[in-house]
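S.K.: Below you'll find model.cif; it's mmCIF, C-alpha atoms and all ligand atoms.
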data_query
#
loop_
_atom_site.group_PDB
_atom_site.id
_atom_site.type_symbol
_atom_site.label_atom_id
_atom_site.label_comp_id
_atom_site.auth_asym_id
_atom_site.auth_seq_id
_atom_site.Cartn_x
_atom_site.Cartn_y
_atom_site.Cartn_z
ATOM 1 C CA MET R 1 12.175 -6.103 -36.540
ATOM 2 C CA LYS R 2 9.712 -7.397 -33.942
ATOM 3 C CA LYS R 3 7.181 -4.816 -32.840
ATOM 4 C CA PRO R 4 7.685 -3.990 -29.142
ATOM 5 C CA LYS R 5 4.860 -4.891 -26.764
ATOM 6 C CA ALA R 6 3.019 -1.845 -25.430
ATOM 7 C CA PRO R 7 3.740 -1.159 -21.772
ATOM 8 C CA ALA R 8 0.848 -2.014 -19.436
ATOM 9 C CA THR R 9 -1.233 1.065 -18.702
ATOM 10 C CA VAL R 10 -1.871 1.674 -15.014
ATOM 11 C CA LEU R 11 -4.488 4.242 -14.038
ATOM 12 C CA CYS R 12 -3.155 5.688 -10.773
ATOM 13 C CA ILE R 13 -5.862 7.317 -8.669
ATOM 14 C CA ASN R 14 -3.974 9.029 -5.878
ATOM 15 C CA ASP R 15 -3.054 12.475 -4.603
ATOM 16 C CA LEU R 16 -0.129 14.524 -5.864
ATOM 17 C CA SER R 17 1.847 15.825 -2.891
ATOM 18 C CA GLY R 18 4.644 18.026 -4.212
ATOM 19 C CA ALA R 19 7.219 17.583 -1.438
ATOM 20 C CA GLY R 20 7.497 14.669 0.995
ATOM 21 C CA ARG R 21 7.988 11.623 -1.269
ATOM 22 C CA CYS R 22 4.618 9.940 -1.213
ATOM 23 C CA SER R 23 1.641 9.023 -3.403
ATOM 24 C CA LEU R 24 1.960 9.934 -7.123
ATOM 25 C CA ALA R 25 5.430 11.446 -6.644
ATOM 26 C CA VAL R 26 6.629 7.932 -5.703
ATOM 27 C CA VAL R 27 4.257 5.797 -7.733
ATOM 28 C CA LEU R 28 4.931 7.347 -11.164
ATOM 29 C CA PRO R 29 8.723 6.892 -11.277
ATOM 30 C CA VAL R 30 8.505 3.364 -9.835
ATOM 31 C CA LEU R 31 5.923 2.136 -12.339
ATOM 32 C CA ALA R 32 7.717 3.785 -15.257
ATOM 33 C CA VAL R 33 11.092 2.267 -14.402
ATOM 34 C CA MET R 34 9.397 -1.130 -14.094
ATOM 35 C CA GLY R 35 8.199 -0.835 -17.688
ATOM 36 C CA CYS R 36 4.573 0.268 -17.198
ATOM 37 C CA GLN R 37 2.851 3.386 -18.466
ATOM 38 C CA PRO R 38 1.348 5.167 -15.455
ATOM 39 C CA VAL R 39 -1.595 7.480 -16.132
ATOM 40 C CA ALA R 40 -1.873 9.899 -13.208
ATOM 41 C CA LEU R 41 -5.367 10.768 -12.009
ATOM 42 C CA PRO R 42 -4.880 13.098 -9.028
ATOM 43 C CA THR R 43 -7.580 13.150 -6.356
ATOM 44 C CA LEU R 44 -6.082 16.236 -4.700
ATOM 45 C CA LEU R 45 -3.088 18.505 -5.232
ATOM 46 C CA LEU R 46 -1.128 19.352 -2.111
ATOM 47 C CA SER R 47 2.135 21.208 -1.600
ATOM 48 C CA THR R 48 3.181 18.427 0.819
ATOM 49 C CA HIS R 49 1.600 15.395 2.453
ATOM 50 C CA THR R 50 -0.335 15.898 5.675
ATOM 51 C CA GLY R 51 2.204 14.187 7.945
ATOM 52 C CA GLY R 52 3.888 16.961 9.893
ATOM 53 C CA LEU R 53 5.146 19.447 7.270
ATOM 54 C CA GLY R 54 2.804 22.221 8.341
ATOM 55 C CA GLN R 55 -0.426 23.192 6.655
ATOM 56 C CA PRO R 56 -0.200 22.095 2.984
ATOM 57 C CA VAL R 57 -1.684 24.236 0.219
ATOM 58 C CA ARG R 58 -4.553 22.235 -1.326
ATOM 59 C CA LEU R 59 -6.308 22.315 -4.661
ATOM 60 C CA GLY R 60 -9.322 20.017 -4.999
ATOM 61 C CA CYS R 61 -9.783 17.874 -8.123
ATOM 62 C CA GLU R 62 -13.469 16.988 -7.670
ATOM 63 C CA GLU R 63 -14.429 18.302 -11.109
ATOM 64 C CA TYR R 64 -11.218 17.363 -12.856
ATOM 65 C CA GLY R 65 -11.401 13.649 -11.974
ATOM 66 C CA PRO R 66 -14.727 12.641 -13.577
ATOM 67 C CA ALA R 67 -14.004 14.843 -16.627
ATOM 68 C CA ALA R 68 -10.594 13.190 -17.094
ATOM 69 C CA LEU R 69 -12.207 9.727 -16.873
ATOM 70 C CA ARG R 70 -14.714 10.706 -19.576
ATOM 71 C CA HIS R 71 -11.859 11.937 -21.767
ATOM 72 C CA TYR R 72 -9.906 8.688 -21.349
ATOM 73 C CA LYS R 73 -12.985 6.645 -22.214
ATOM 74 C CA GLU R 74 -13.631 8.763 -25.333
ATOM 75 C CA LEU R 75 -10.019 8.244 -26.351
ATOM 76 C CA GLY R 76 -10.484 4.491 -26.053
ATOM 77 C CA LEU R 77 -7.580 4.296 -23.594
ATOM 78 C CA GLU R 78 -6.922 0.690 -22.666
ATOM 79 C CA VAL R 79 -6.353 0.302 -18.939
ATOM 80 C CA GLU R 80 -4.808 -2.943 -17.703
ATOM 81 C CA CYS R 81 -4.651 -1.996 -14.050
ATOM 82 C CA ILE R 82 -6.419 0.492 -11.805
ATOM 83 C CA TYR R 83 -4.393 1.335 -8.747
ATOM 84 C CA VAL R 84 -6.282 3.290 -6.098
ATOM 85 C CA GLY R 85 -4.463 5.062 -3.253
ATOM 86 C CA TYR R 86 -5.255 8.231 -1.275
ATOM 87 C CA LEU R 87 -8.817 9.290 -2.091
ATOM 88 C CA ALA R 88 -9.000 12.520 -0.096
ATOM 89 C CA GLY R 89 -12.777 12.264 0.519
ATOM 90 C CA PRO R 90 -16.151 11.051 -0.805
ATOM 91 C CA ALA R 91 -15.541 12.472 -4.318
ATOM 92 C CA GLY R 92 -12.393 10.352 -4.572
ATOM 93 C CA LEU R 93 -14.344 7.258 -3.562
ATOM 94 C CA GLU R 94 -16.905 7.955 -6.249
ATOM 95 C CA LEU R 95 -14.156 8.498 -8.805
ATOM 96 C CA ALA R 96 -12.604 5.120 -8.024
ATOM 97 C CA GLN R 97 -16.013 3.399 -8.250
ATOM 98 C CA LYS R 98 -16.539 5.048 -11.647
ATOM 99 C CA ALA R 99 -13.128 3.865 -12.880
ATOM 100 C CA PHE R 100 -13.984 0.306 -11.751
ATOM 101 C CA ASP R 101 -17.249 0.593 -13.747
ATOM 102 C CA LEU R 102 -15.504 1.878 -16.883
ATOM 103 C CA TRP R 103 -12.733 -0.763 -17.068
ATOM 104 C CA PRO R 104 -14.252 -3.866 -15.434
ATOM 105 C CA ALA R 105 -11.594 -6.197 -16.862
ATOM 106 C CA ALA R 106 -8.667 -4.227 -15.380
ATOM 107 C CA LEU R 107 -6.706 -5.610 -12.437
ATOM 108 C CA LYS R 108 -8.128 -3.557 -9.558
ATOM 109 C CA VAL R 109 -5.737 -2.872 -6.682
ATOM 110 C CA LEU R 110 -6.790 -0.863 -3.636
ATOM 111 C CA ASP R 111 -4.381 0.583 -1.112
ATOM 112 C CA PRO R 112 -6.932 1.869 1.435
ATOM 113 C CA VAL R 113 -4.798 4.842 2.540
ATOM 114 C CA MET R 114 -6.272 6.032 5.820
ATOM 115 C CA GLY R 115 -3.631 6.046 8.516
ATOM 116 C CA ASP R 116 -0.662 4.438 10.245
ATOM 117 C CA ASN R 117 0.560 3.583 13.740
ATOM 118 C CA GLY R 118 -3.012 3.302 14.999
ATOM 119 C CA ARG R 119 -3.965 6.832 13.893
ATOM 120 C CA CYS R 120 -5.944 8.258 10.996
ATOM 121 C CA TYR R 121 -4.319 10.754 8.607
ATOM 122 C CA THR R 122 -5.945 14.207 8.784
ATOM 123 C CA GLY R 123 -9.338 14.194 7.099
ATOM 124 C CA MET R 124 -9.482 10.429 6.501
ATOM 125 C CA GLU R 125 -11.942 9.715 9.310
ATOM 126 C CA GLY R 126 -15.219 8.526 7.882
ATOM 127 C CA LEU R 127 -13.842 6.880 4.727
ATOM 128 C CA ALA R 128 -13.777 3.336 6.134
ATOM 129 C CA GLU R 129 -17.275 2.376 5.060
ATOM 130 C CA GLY R 130 -16.788 3.605 1.473
ATOM 131 C CA LEU R 131 -13.406 1.877 1.288
ATOM 132 C CA ARG R 132 -14.983 -1.393 2.430
ATOM 133 C CA GLY R 133 -17.396 -1.140 -0.524
ATOM 134 C CA LEU R 134 -14.523 -0.482 -2.916
ATOM 135 C CA ALA R 135 -12.454 -3.331 -1.442
ATOM 136 C CA ALA R 136 -15.287 -5.776 -2.138
ATOM 137 C CA ARG R 137 -14.951 -4.941 -5.858
ATOM 138 C CA ALA R 138 -11.130 -4.949 -5.955
ATOM 139 C CA ASP R 139 -8.908 -7.904 -6.895
ATOM 140 C CA LEU R 140 -6.267 -7.044 -4.324
ATOM 141 C CA LEU R 141 -6.315 -5.047 -1.084
ATOM 142 C CA LEU R 142 -3.093 -3.662 0.441
ATOM 143 C CA PRO R 143 -3.817 -2.337 3.958
ATOM 144 C CA ASN R 144 -1.232 -1.691 6.624
ATOM 145 C CA LEU R 145 -2.051 -2.986 10.118
ATOM 146 C CA THR R 146 -3.824 0.237 11.128
ATOM 147 C CA GLU R 147 -5.963 0.301 7.981
ATOM 148 C CA ALA R 148 -6.771 -3.400 8.312
ATOM 149 C CA CYS R 149 -8.074 -2.747 11.853
ATOM 150 C CA PHE R 150 -10.117 0.273 10.705
ATOM 151 C CA LEU R 151 -11.617 -1.683 7.796
ATOM 152 C CA ALA R 152 -12.408 -4.706 9.955
ATOM 153 C CA GLY R 153 -13.902 -2.443 12.661
ATOM 154 C CA ARG R 154 -11.473 -3.704 15.299
ATOM 155 C CA PRO R 155 -9.410 -1.876 17.884
ATOM 156 C CA TYR R 156 -5.784 -1.328 16.873
ATOM 157 C CA GLU R 157 -3.384 -3.276 19.012
ATOM 158 C CA GLU R 158 0.358 -3.046 18.910
ATOM 159 C CA ALA R 159 0.751 -6.831 19.233
ATOM 160 C CA ALA R 160 3.954 -8.674 18.360
ATOM 161 C CA PHE R 161 3.125 -11.180 15.639
ATOM 162 C CA THR R 162 4.579 -14.597 14.989
ATOM 163 C CA ARG R 163 4.485 -16.174 11.524
ATOM 164 C CA GLU R 164 1.411 -18.117 12.588
ATOM 165 C CA SER R 165 -0.477 -15.208 14.142
ATOM 166 C CA ALA R 166 0.402 -12.972 11.147
ATOM 167 C CA GLN R 167 -1.082 -15.550 8.792
ATOM 168 C CA GLU R 168 -4.106 -15.928 11.084
ATOM 169 C CA PHE R 169 -4.599 -12.160 11.172
ATOM 170 C CA ALA R 170 -4.567 -11.975 7.361
ATOM 171 C CA ARG R 171 -7.042 -14.876 7.181
ATOM 172 C CA SER R 172 -9.363 -13.060 9.579
ATOM 173 C CA LEU R 173 -9.662 -10.254 6.985
ATOM 174 C CA ALA R 174 -10.779 -12.619 4.226
ATOM 175 C CA GLY R 175 -14.298 -11.140 3.986
ATOM 176 C CA LEU R 176 -12.911 -7.790 2.820
ATOM 177 C CA CYS R 177 -11.423 -8.769 -0.565
ATOM 178 C CA LYS R 178 -10.484 -11.781 -2.749
ATOM 179 C CA SER R 179 -6.786 -11.273 -2.177
ATOM 180 C CA ILE R 180 -5.097 -9.301 0.611
ATOM 181 C CA VAL R 181 -1.537 -8.399 1.542
ATOM 182 C CA VAL R 182 -1.437 -6.778 4.973
ATOM 183 C CA THR R 183 1.771 -4.867 5.718
ATOM 184 C CA GLY R 184 3.536 -3.365 8.726
ATOM 185 C CA LEU R 185 3.034 -6.278 11.137
ATOM 186 C CA PRO R 186 5.466 -5.885 14.056
ATOM 187 C CA MET R 187 7.482 -9.110 14.503
ATOM 188 C CA GLY R 188 10.180 -8.261 17.060
ATOM 189 C CA LYS R 189 13.299 -7.230 15.160
ATOM 190 C CA TYR R 190 11.377 -7.646 11.920
ATOM 191 C CA VAL R 191 8.377 -6.173 10.205
ATOM 192 C CA GLY R 192 6.170 -8.611 8.384
ATOM 193 C CA CYS R 193 3.537 -8.790 5.732
ATOM 194 C CA ALA R 194 1.038 -11.576 5.239
ATOM 195 C CA GLY R 195 -0.909 -12.556 2.152
ATOM 196 C CA ILE R 196 -4.091 -14.479 1.585
ATOM 197 C CA GLY R 197 -6.079 -15.323 -1.537
ATOM 198 C CA ARG R 198 -4.741 -17.491 -4.326
ATOM 199 C CA GLU R 199 -1.552 -17.851 -2.266
ATOM 200 C CA GLU R 200 -0.863 -17.695 1.474
ATOM 201 C CA PHE R 201 2.471 -16.358 2.677
ATOM 202 C CA VAL R 202 4.270 -14.417 5.399
ATOM 203 C CA LEU R 203 7.376 -12.315 4.683
ATOM 204 C CA LYS R 204 9.763 -10.746 7.207
ATOM 205 C CA LYS R 205 12.223 -7.889 6.699
ATOM 206 C CA PRO R 206 14.437 -6.098 9.239
ATOM 207 C CA TYR R 207 12.506 -3.528 11.265
ATOM 208 C CA ALA R 208 13.307 0.157 10.658
ATOM 209 C CA PRO R 209 13.343 2.116 13.921
ATOM 210 C CA GLN R 210 12.271 5.457 12.366
ATOM 211 C CA PRO R 211 8.859 6.051 10.744
ATOM 212 C CA CYS R 212 9.068 5.662 6.967
ATOM 213 C CA HIS R 213 6.892 8.163 5.214
ATOM 214 C CA GLY R 214 5.561 6.993 1.841
ATOM 215 C CA SER R 215 6.766 3.427 2.393
ATOM 216 C CA GLY R 216 3.244 2.076 1.745
ATOM 217 C CA ASP R 217 3.092 3.866 -1.605
ATOM 218 C CA LEU R 218 6.528 2.540 -2.548
ATOM 219 C CA PHE R 219 5.509 -0.989 -1.523
ATOM 220 C CA ALA R 220 2.254 -0.882 -3.512
ATOM 221 C CA ALA R 221 3.887 0.499 -6.668
ATOM 222 C CA VAL R 222 6.701 -2.083 -6.725
ATOM 223 C CA LEU R 223 4.229 -4.882 -6.009
ATOM 224 C CA ILE R 224 1.973 -3.792 -8.893
ATOM 225 C CA GLY R 225 4.955 -3.452 -11.235
ATOM 226 C CA GLY R 226 5.914 -7.011 -10.317
ATOM 227 C CA LEU R 227 2.426 -8.399 -10.869
ATOM 228 C CA LEU R 228 2.267 -6.753 -14.296
ATOM 229 C CA ARG R 229 5.569 -8.416 -15.165
ATOM 230 C CA GLY R 230 3.761 -11.691 -14.560
ATOM 231 C CA ASN R 231 5.161 -12.491 -11.128
ATOM 232 C CA ALA R 232 3.194 -14.373 -8.477
ATOM 233 C CA LEU R 233 1.758 -12.268 -5.637
ATOM 234 C CA SER R 234 4.213 -13.644 -3.056
ATOM 235 C CA ALA R 235 7.217 -12.922 -5.309
ATOM 236 C CA ALA R 236 5.942 -9.425 -6.141
ATOM 237 C CA ALA R 237 5.304 -8.706 -2.432
ATOM 238 C CA ASP R 238 8.770 -9.978 -1.510
ATOM 239 C CA ALA R 239 10.434 -7.750 -4.127
ATOM 240 C CA ALA R 240 8.354 -4.800 -2.893
ATOM 241 C CA ALA R 241 9.270 -5.367 0.766
ATOM 242 C CA GLU R 242 12.912 -5.786 -0.253
ATOM 243 C CA PHE R 243 12.867 -2.487 -2.157
ATOM 244 C CA VAL R 244 11.336 -0.666 0.820
ATOM 245 C CA SER R 245 14.083 -2.135 3.060
ATOM 246 C CA ALA R 246 16.747 -1.068 0.564
ATOM 247 C CA SER R 247 15.243 2.434 0.402
ATOM 248 C CA ILE R 248 15.376 2.668 4.194
ATOM 249 C CA ALA R 249 19.022 1.589 4.066
ATOM 250 C CA ALA R 250 19.688 4.254 1.386
ATOM 251 C CA THR R 251 18.233 6.988 3.640
ATOM 252 C CA PRO R 252 20.744 8.535 6.071
ATOM 253 C CA PRO R 253 19.692 7.915 9.680
ATOM 254 C CA ASP R 254 19.719 11.664 10.375
ATOM 255 C CA ALA R 255 17.544 12.543 7.342
ATOM 256 C CA ASP R 256 14.279 14.348 8.055
ATOM 257 C CA PRO R 257 11.780 11.438 8.273
ATOM 258 C CA ARG R 258 8.963 13.734 7.132
ATOM 259 C CA LEU R 259 10.602 13.896 3.693
ATOM 260 C CA GLY R 260 10.301 10.174 3.120
ATOM 261 C CA LEU R 261 12.693 7.561 1.824
ATOM 262 C CA TRP R 262 15.636 8.391 -0.425
ATOM 263 C CA PHE R 263 14.743 5.813 -3.075
ATOM 264 C CA GLU R 264 16.009 7.818 -6.066
ATOM 265 C CA SER R 265 19.560 6.458 -6.061
ATOM 266 C CA ILE R 266 18.365 2.835 -6.138
ATOM 267 C CA LEU R 267 15.432 3.222 -8.530
ATOM 268 C CA GLY R 268 17.504 1.684 -11.324
ATOM 269 C CA ARG R 269 17.468 -1.682 -9.481
ATOM 270 C CA LEU R 270 13.813 -2.019 -10.458
ATOM 271 C CA ALA R 271 14.511 -1.722 -14.188
ATOM 272 C CA GLY R 272 14.303 -4.944 -16.072
ATOM 273 C CA PRO R 273 12.653 -6.649 -18.978
ATOM 274 C CA GLN R 274 9.383 -5.298 -20.278
ATOM 275 C CA PRO R 275 6.337 -6.804 -18.573
ATOM 276 C CA GLY R 276 5.845 -10.255 -20.082
ATOM 277 C CA ARG R 277 2.125 -10.217 -20.548
HETATM 278 O O1 LIG T 1 1.608 8.102 2.046
HETATM 279 C C1 LIG T 1 0.346 8.269 2.531
HETATM 280 C C2 LIG T 1 -0.201 9.643 2.253
HETATM 281 C C3 LIG T 1 -0.688 9.949 0.994
HETATM 282 N N1 LIG T 1 -1.183 11.145 0.698
HETATM 283 C C4 LIG T 1 -1.242 12.126 1.626
HETATM 284 C C5 LIG T 1 -0.774 11.900 2.913
HETATM 285 C C6 LIG T 1 -0.236 10.639 3.242
HETATM 286 C C7 LIG T 1 0.259 10.381 4.573
HETATM 287 O O2 LIG T 1 0.383 11.232 5.409
HETATM 288 O O3 LIG T 1 -0.825 12.879 3.810
HETATM 289 C C8 LIG T 1 -1.797 13.471 1.252
#
For this file, write the structure as structure tokens.
M.R.:
Amino acid sequence: MKKPKAPATVLCINDLSGAGRCSLAVVLPVLAVMGCQPVALPTLLLSTHTGGLGQPVRLGCEEYGPAALRHYKELGLEVECIYVGYLAGPAGLELAQKAFDLWPAALKVLDPVMGDNGRCYTGMEGLAEGLRGLAARADLLLPNLTEACFLAGRPYEEAAFTRESAQEFARSLAGLCKSIVVTGLPMGKYVGCAGIGREEFVLKKPYAPQPCHGSGDLFAAVLIGGLLRGNALSAAADAAAEFVSASIAATPPDADPRLGLWFESILGRLAGPQPGR
């Protein structure tokens, strides 16, 4: 019998928010169902995310993170991809830099989680400069419109984009990273994302009227799963945007938006052949 190929190992540096469907709670099931082996490296434990569910209970991981990295290195863990999300503060930034140092050949993906709708998430002010440094070392940057504006040091404007202006906007970010997919671009009845780097593309999906908590985490995880299956960036981004749209459609309109998207019932759609690496 042919020996099965080992699933791609993805080191996921992100927070663990217990309730609210975001960060590791979303990323781990998505990557696993797509045939990868996620290794969770929490930057912070919270009872919920910080988006309107009251004051979450927090447990810092400042000591845990570097010690866990040392352990993984001692074990000789092979890491094919490092996926960086919510960093919680300067210690998280340092942890991600250290991971980039330890596995230089890994595919390095940075979702610079800082805010949405023109506003910063609680406690994320002041991380822009450090995230710019990390982005310069990453292979792929996945900001939403708000984060792109923060990183580029520009005012946030709620402009309506056309295909052309969306592509132009993505091109204007080129100095930040080799490859960029910027998400959440308002395009009338649609929401768009635009990519630059090895490929240039603009994708449009129907606009969801209610805020979609955790949608960025869902998008990033599906996109990474697709890349590790060997798909092109534009195809992986399209599948990710499609899955976010389908998750919005699977969420009842009267559901509490603070509890995120009801993606569980459609998770099986992401299952498929093992990553063909
Ligand atoms: O999904 C983004 C996110 C991640 N982690 C934490 C958050 C948020 C958004 O509010 O609060 C802790």
S.K.: Can you write out as JSON lines which residues of chain R fall within 10 Å of ligand LIG 1 (chain T), alongside each residue's closest atom pair and its distance in Å to one decimal, counting only C-alpha atoms and all ligand atoms and ordering rows by chain and ascending residue number?
M.R.:
{"residue": "R:Asn14", "atom": "CA", "partner": "T:LIG1", "partner_atom": "N1", "distance": 7.5}
{"residue": "R:Asp15", "atom": "CA", "partner": "T:LIG1", "partner_atom": "N1", "distance": 5.8}
{"residue": "R:Leu16", "atom": "CA", "partner": "T:LIG1", "partner_atom": "C8", "distance": 7.4}
{"residue": "R:Ser17", "atom": "CA", "partner": "T:LIG1", "partner_atom": "C8", "distance": 6.0}
{"residue": "R:Gly18", "atom": "CA", "partner": "T:LIG1", "partner_atom": "C8", "distance": 9.6}
{"residue": "R:Gly20", "atom": "CA", "partner": "T:LIG1", "partner_atom": "O1", "distance": 8.9}
{"residue": "R:Arg21", "atom": "CA", "partner": "T:LIG1", "partner_atom": "O1", "distance": 8.0}
{"residue": "R:Cys22", "atom": "CA", "partner": "T:LIG1", "partner_atom": "O1", "distance": 4.8}
{"residue": "R:Ser23", "atom": "CA", "partner": "T:LIG1", "partner_atom": "C3", "distance": 5.1}
{"residue": "R:Leu24", "atom": "CA", "partner": "T:LIG1", "partner_atom": "N1", "distance": 8.5}
{"residue": "R:Ala25", "atom": "CA", "partner": "T:LIG1", "partner_atom": "N1", "distance": 9.9}
{"residue": "R:Val26", "atom": "CA", "partner": "T:LIG1", "partner_atom": "O1", "distance": 9.2}
{"residue": "R:Thr43", "atom": "CA", "partner": "T:LIG1", "partner_atom": "C8", "distance": 9.6}
{"residue": "R:Leu44", "atom": "CA", "partner": "T:LIG1", "partner_atom": "C8", "distance": 7.8}
{"residue": "R:Leu45", "atom": "CA", "partner": "T:LIG1", "partner_atom": "C8", "distance": 8.3}
{"residue": "R:Leu46", "atom": "CA", "partner": "T:LIG1", "partner_atom": "C8", "distance": 6.8}
{"residue": "R:Ser47", "atom": "CA", "partner": "T:LIG1", "partner_atom": "C8", "distance": 9.1}
{"residue": "R:Thr48", "atom": "CA", "partner": "T:LIG1", "partner_atom": "C8", "distance": 7.0}
{"residue": "R:His49", "atom": "CA", "partner": "T:LIG1", "partner_atom": "O3", "distance": 3.7}
{"residue": "R:Thr50", "atom": "CA", "partner": "T:LIG1", "partner_atom": "O3", "distance": 3.6}
{"residue": "R:Gly51", "atom": "CA", "partner": "T:LIG1", "partner_atom": "O2", "distance": 4.3}
{"residue": "R:Gly52", "atom": "CA", "partner": "T:LIG1", "partner_atom": "O2", "distance": 8.1}
{"residue": "R:Leu53", "atom": "CA", "partner": "T:LIG1", "partner_atom": "O3", "distance": 9.5}
{"residue": "R:Pro56", "atom": "CA", "partner": "T:LIG1", "partner_atom": "C8", "distance": 8.9}
{"residue": "R:Arg58", "atom": "CA", "partner": "T:LIG1", "partner_atom": "C8", "distance": 9.5}
{"residue": "R:Gly85", "atom": "CA", "partner": "T:LIG1", "partner_atom": "C3", "distance": 7.5}
{"residue": "R:Tyr86", "atom": "CA", "partner": "T:LIG1", "partner_atom": "C3", "distance": 5.4}
{"residue": "R:Leu87", "atom": "CA", "partner": "T:LIG1", "partner_atom": "N1", "distance": 8.3}
{"residue": "R:Ala88", "atom": "CA", "partner": "T:LIG1", "partner_atom": "C8", "distance": 7.4}
{"residue": "R:Asp111", "atom": "CA", "partner": "T:LIG1", "partner_atom": "C1", "distance": 9.7}
{"residue": "R:Pro112", "atom": "CA", "partner": "T:LIG1", "partner_atom": "C1", "distance": 9.8}
{"residue": "R:Val113", "atom": "CA", "partner": "T:LIG1", "partner_atom": "C1", "distance": 6.2}
{"residue": "R:Met114", "atom": "CA", "partner": "T:LIG1", "partner_atom": "C1", "distance": 7.7}
{"residue": "R:Gly115", "atom": "CA", "partner": "T:LIG1", "partner_atom": "C7", "distance": 7.0}
{"residue": "R:Asp116", "atom": "CA", "partner": "T:LIG1", "partner_atom": "C7", "distance": 8.3}
{"residue": "R:Cys120", "atom": "CA", "partner": "T:LIG1", "partner_atom": "O2", "distance": 8.9}
{"residue": "R:Tyr121", "atom": "CA", "partner": "T:LIG1", "partner_atom": "O2", "distance": 5.7}
{"residue": "R:Thr122", "atom": "CA", "partner": "T:LIG1", "partner_atom": "O3", "distance": 7.3}
{"residue": "R:Gly123", "atom": "CA", "partner": "T:LIG1", "partner_atom": "O3", "distance": 9.2}
{"residue": "R:Met124", "atom": "CA", "partner": "T:LIG1", "partner_atom": "O3", "distance": 9.4}
{"residue": "R:Cys212", "atom": "CA", "partner": "T:LIG1", "partner_atom": "O1", "distance": 9.3}
{"residue": "R:His213", "atom": "CA", "partner": "T:LIG1", "partner_atom": "O1", "distance": 6.2}
{"residue": "R:Gly214", "atom": "CA", "partner": "T:LIG1", "partner_atom": "O1", "distance": 4.1}
{"residue": "R:Ser215", "atom": "CA", "partner": "T:LIG1", "partner_atom": "O1", "distance": 7.0}
{"residue": "R:Gly216", "atom": "CA", "partner": "T:LIG1", "partner_atom": "O1", "distance": 6.3}
{"residue": "R:Asp217", "atom": "CA", "partner": "T:LIG1", "partner_atom": "O1", "distance": 5.8}
{"residue": "R:Leu218", "atom": "CA", "partner": "T:LIG1", "partner_atom": "O1", "distance": 8.7}
{"residue": "R:Arg258", "atom": "CA", "partner": "T:LIG1", "partner_atom": "O2", "distance": 9.1}
{"residue": "R:Gly260", "atom": "CA", "partner": "T:LIG1", "partner_atom": "O1", "distance": 9.0}
S.K.: How would you write, as a ChimeraX atom specification, the residues chosen by the PyMOL selection byres (((chain R and resi 66-71) around 10) and not hetatm) on this structure?
M.R.: /R:11,41-42,61-65,72-77,91-92,94-96,98-99,102
S.K.: Could you tell me, as a list in words, exactly which residues end up selected when the PyMOL selection byres (((chain R and resi 173-188) around 6) and not hetatm) is applied to this structure?
M.R.: Ala135, Ala136, Asp139, Leu140, Leu141, Leu142, Pro143, Asn144, Leu145, Ala160, Phe161, Ala170, Arg171, Ser172, Lys189, Tyr190, Val191, Gly192, Cys193, Ala194, Gly195, Ile196 and Gly197 of chain R
S.K.: Excluding range 7-10 of chain R and residues on its chain fewer than 5 positions from it, collect all residues at most 8 Å away from it, counting all atoms listed in the file, and give them as a list in words.
M.R.: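 Returned residues: Gly35, Cys36, Gln37, Pro38, Val39, Glu78, Val79, Glu80, Cys81, Ile82, Tyr83, Leu228, Gln274 and Pro275 of chain R.
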S.K.: What does the distance between CA of Val244 in chain R and CA of Cys149 in chain R come to in Å, to one decimal place?
M.R.: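 Distance between the two atoms: 22.4 Å.
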